Amino acid sequence: FRGHGSSINAVRLFAQNLRLVSGDADGWVVVWDMVTKRPIVSWKAHEGPLLEVKGFQFGSLTEIYT
């Protein structure tokens, strides 16, 4: 997995273990496809480090919390 420029502080599997969300020390969040091992989407969620991330899926709706 390559997608973060700094150390990863938080990870969480979700969506029946098909997705992984990770957060790093620079405030970036990356959502990964666990089948292809590639990032699906990434964004700068905070100016400071992320300490926890969560991913939820309700039917076809997926939400990410930092």
# chains A, B, ... in the order shown; residues from 1 in each chain; ligands from 1

$ residues_around --residues "A:Pro39" --least-positions-apart "5" --cutoff "12 Å" --atoms "only C-alpha atoms" --output "compact mmCIF listing (two decimals) with all heavy atoms, in the first residue's frame"
# COMPACT_ATOMS: atom_id res chain seq x y z
N PHE A 1 0.84 -1.18 0.00
CA PHE A 1 0.00 0.00 0.00
C PHE A 1 0.88 1.24 0.00
O PHE A 1 1.64 1.46 0.93
CB PHE A 1 -0.88 0.01 1.24
CG PHE A 1 -1.87 -1.11 1.29
CD1 PHE A 1 -1.66 -2.21 2.07
CD2 PHE A 1 -3.02 -1.05 0.54
CE1 PHE A 1 -2.57 -3.23 2.13
CE2 PHE A 1 -3.95 -2.06 0.58
CZ PHE A 1 -3.73 -3.16 1.38
N ARG A 2 0.74 2.03 -1.04
CA ARG A 2 1.43 3.31 -1.09
C ARG A 2 0.40 4.38 -1.37
O ARG A 2 -0.29 4.33 -2.38
CB ARG A 2 2.48 3.31 -2.19
CG ARG A 2 3.59 2.34 -1.92
CD ARG A 2 4.63 2.39 -2.99
NE ARG A 2 5.59 1.31 -2.76
CZ ARG A 2 6.45 0.91 -3.63
NH1 ARG A 2 6.50 1.48 -4.81
NH2 ARG A 2 7.27 -0.06 -3.35
N GLY A 3 0.30 5.33 -0.51
CA GLY A 3 -0.69 6.38 -0.69
C GLY A 3 -0.58 7.47 0.34
O GLY A 3 -1.22 8.49 0.24
N HIS A 4 0.25 7.24 1.35
CA HIS A 4 0.44 8.22 2.41
C HIS A 4 1.89 8.73 2.35
O HIS A 4 2.82 7.98 2.10
CB HIS A 4 0.21 7.58 3.78
CG HIS A 4 -1.23 7.28 4.05
ND1 HIS A 4 -2.13 8.25 4.44
CD2 HIS A 4 -1.92 6.13 4.00
CE1 HIS A 4 -3.32 7.69 4.61
NE2 HIS A 4 -3.22 6.39 4.35
N ARG A 19 -13.11 -3.04 1.98
CA ARG A 19 -12.54 -1.70 1.98
C ARG A 19 -11.75 -1.49 3.27
O ARG A 19 -12.09 -2.03 4.32
CB ARG A 19 -13.61 -0.61 1.91
CG ARG A 19 -14.49 -0.69 0.69
CD ARG A 19 -13.77 -0.20 -0.55
NE ARG A 19 -14.65 -0.14 -1.69
CZ ARG A 19 -14.74 -1.07 -2.61
NH1 ARG A 19 -14.02 -2.17 -2.53
NH2 ARG A 19 -15.56 -0.93 -3.64
N LEU A 20 -10.71 -0.69 3.15
CA LEU A 20 -9.91 -0.29 4.31
C LEU A 20 -9.77 1.22 4.24
O LEU A 20 -9.52 1.77 3.17
CB LEU A 20 -8.53 -0.95 4.26
CG LEU A 20 -7.61 -0.59 5.43
CD1 LEU A 20 -7.14 -1.86 6.09
CD2 LEU A 20 -6.45 0.23 4.96
N VAL A 21 -9.96 1.89 5.37
CA VAL A 21 -9.74 3.33 5.44
C VAL A 21 -8.55 3.56 6.36
O VAL A 21 -8.42 2.91 7.39
CB VAL A 21 -11.00 4.09 5.91
CG1 VAL A 21 -11.45 3.65 7.29
CG2 VAL A 21 -10.78 5.59 5.89
N SER A 22 -7.64 4.44 5.94
CA SER A 22 -6.45 4.74 6.73
C SER A 22 -6.30 6.25 6.85
O SER A 22 -6.68 7.00 5.97
CB SER A 22 -5.21 4.12 6.09
OG SER A 22 -5.05 4.55 4.74
N VAL A 29 -6.75 11.08 4.55
CA VAL A 29 -7.53 9.85 4.61
C VAL A 29 -7.45 9.18 3.25
O VAL A 29 -7.56 9.85 2.22
CB VAL A 29 -9.01 10.15 4.94
CG1 VAL A 29 -9.85 8.89 4.85
CG2 VAL A 29 -9.14 10.78 6.31
N VAL A 30 -7.24 7.86 3.25
CA VAL A 30 -7.23 7.09 2.00
C VAL A 30 -8.17 5.90 2.19
O VAL A 30 -8.10 5.20 3.20
CB VAL A 30 -5.81 6.59 1.63
CG1 VAL A 30 -5.85 5.79 0.33
CG2 VAL A 30 -4.84 7.75 1.51
N VAL A 31 -9.06 5.68 1.22
CA VAL A 31 -9.92 4.50 1.20
C VAL A 31 -9.36 3.55 0.16
O VAL A 31 -9.13 3.93 -0.99
CB VAL A 31 -11.39 4.87 0.88
CG1 VAL A 31 -12.24 3.61 0.81
CG2 VAL A 31 -11.93 5.83 1.90
N TRP A 32 -9.13 2.30 0.57
CA TRP A 32 -8.48 1.28 -0.26
C TRP A 32 -9.46 0.19 -0.66
O TRP A 32 -10.31 -0.20 0.12
CB TRP A 32 -7.35 0.62 0.53
CG TRP A 32 -6.32 1.56 1.03
CD1 TRP A 32 -6.34 2.24 2.21
CD2 TRP A 32 -5.12 1.93 0.38
NE1 TRP A 32 -5.22 3.00 2.33
CE2 TRP A 32 -4.44 2.83 1.21
CE3 TRP A 32 -4.54 1.57 -0.84
CZ2 TRP A 32 -3.23 3.39 0.88
CZ3 TRP A 32 -3.32 2.13 -1.17
CH2 TRP A 32 -2.68 3.02 -0.33
N ASP A 33 -9.30 -0.33 -1.86
CA ASP A 33 -9.99 -1.54 -2.31
C ASP A 33 -9.11 -2.71 -1.91
O ASP A 33 -7.96 -2.80 -2.35
CB ASP A 33 -10.16 -1.49 -3.82
CG ASP A 33 -10.91 -2.70 -4.36
OD1 ASP A 33 -10.53 -3.84 -4.02
OD2 ASP A 33 -11.85 -2.50 -5.13
N MET A 34 -9.60 -3.60 -1.08
CA MET A 34 -8.79 -4.70 -0.58
C MET A 34 -8.57 -5.81 -1.60
O MET A 34 -7.70 -6.64 -1.43
CB MET A 34 -9.41 -5.28 0.70
CG MET A 34 -9.38 -4.30 1.87
SD MET A 34 -7.70 -3.72 2.23
CE MET A 34 -6.94 -5.21 2.81

$ residues_around --residues "A:Leu18" --least-positions-apart "4" --cutoff "12 Å" --atoms "only C-alpha atoms" --output "PyMOL selection string"
chain A and resi 12-14+31-38+40+55-57

$ residues_around --residues "A:Gly5" --least-positions-apart "6" --cutoff "10 Å" --atoms "only C-alpha atoms" --output "list in words"
Asp24, Ala25, Asp26 and Trp28 of chain A

$ write_last_selection --atoms "C-alpha atoms" --output "short mmCIF file (atom, residue, chain, number, x, y, z; two decimals), in the first residue's frame"
data_model
loop_
_atom_site.label_atom_id
_atom_site.label_comp_id
_atom_site.auth_asym_id
_atom_site.auth_seq_id
_atom_site.Cartn_x
_atom_site.Cartn_y
_atom_site.Cartn_z
CA ASP A 24 -2.05 9.60 8.61
CA ALA A 25 -0.08 12.11 10.66
CA ASP A 26 -0.63 14.89 8.08
CA TRP A 28 -4.92 12.60 4.96
#

$ atom_distance --atom1 "atom CA of A:Asn17" --atom2 "atom CA of A:Leu50"
21.2 Å

$ select_by_dssp --residues "chain A" --states "strand (DSSP E)" --output "NGL selection string"
:A and (8-14 or 19-24 or 28-33 or 38-44 or 54-58 or 61-65)

$ atom_distance --atom1 "atom CA of A:Leu51" --atom2 "atom CA of A:Gly27"
9.1 Å
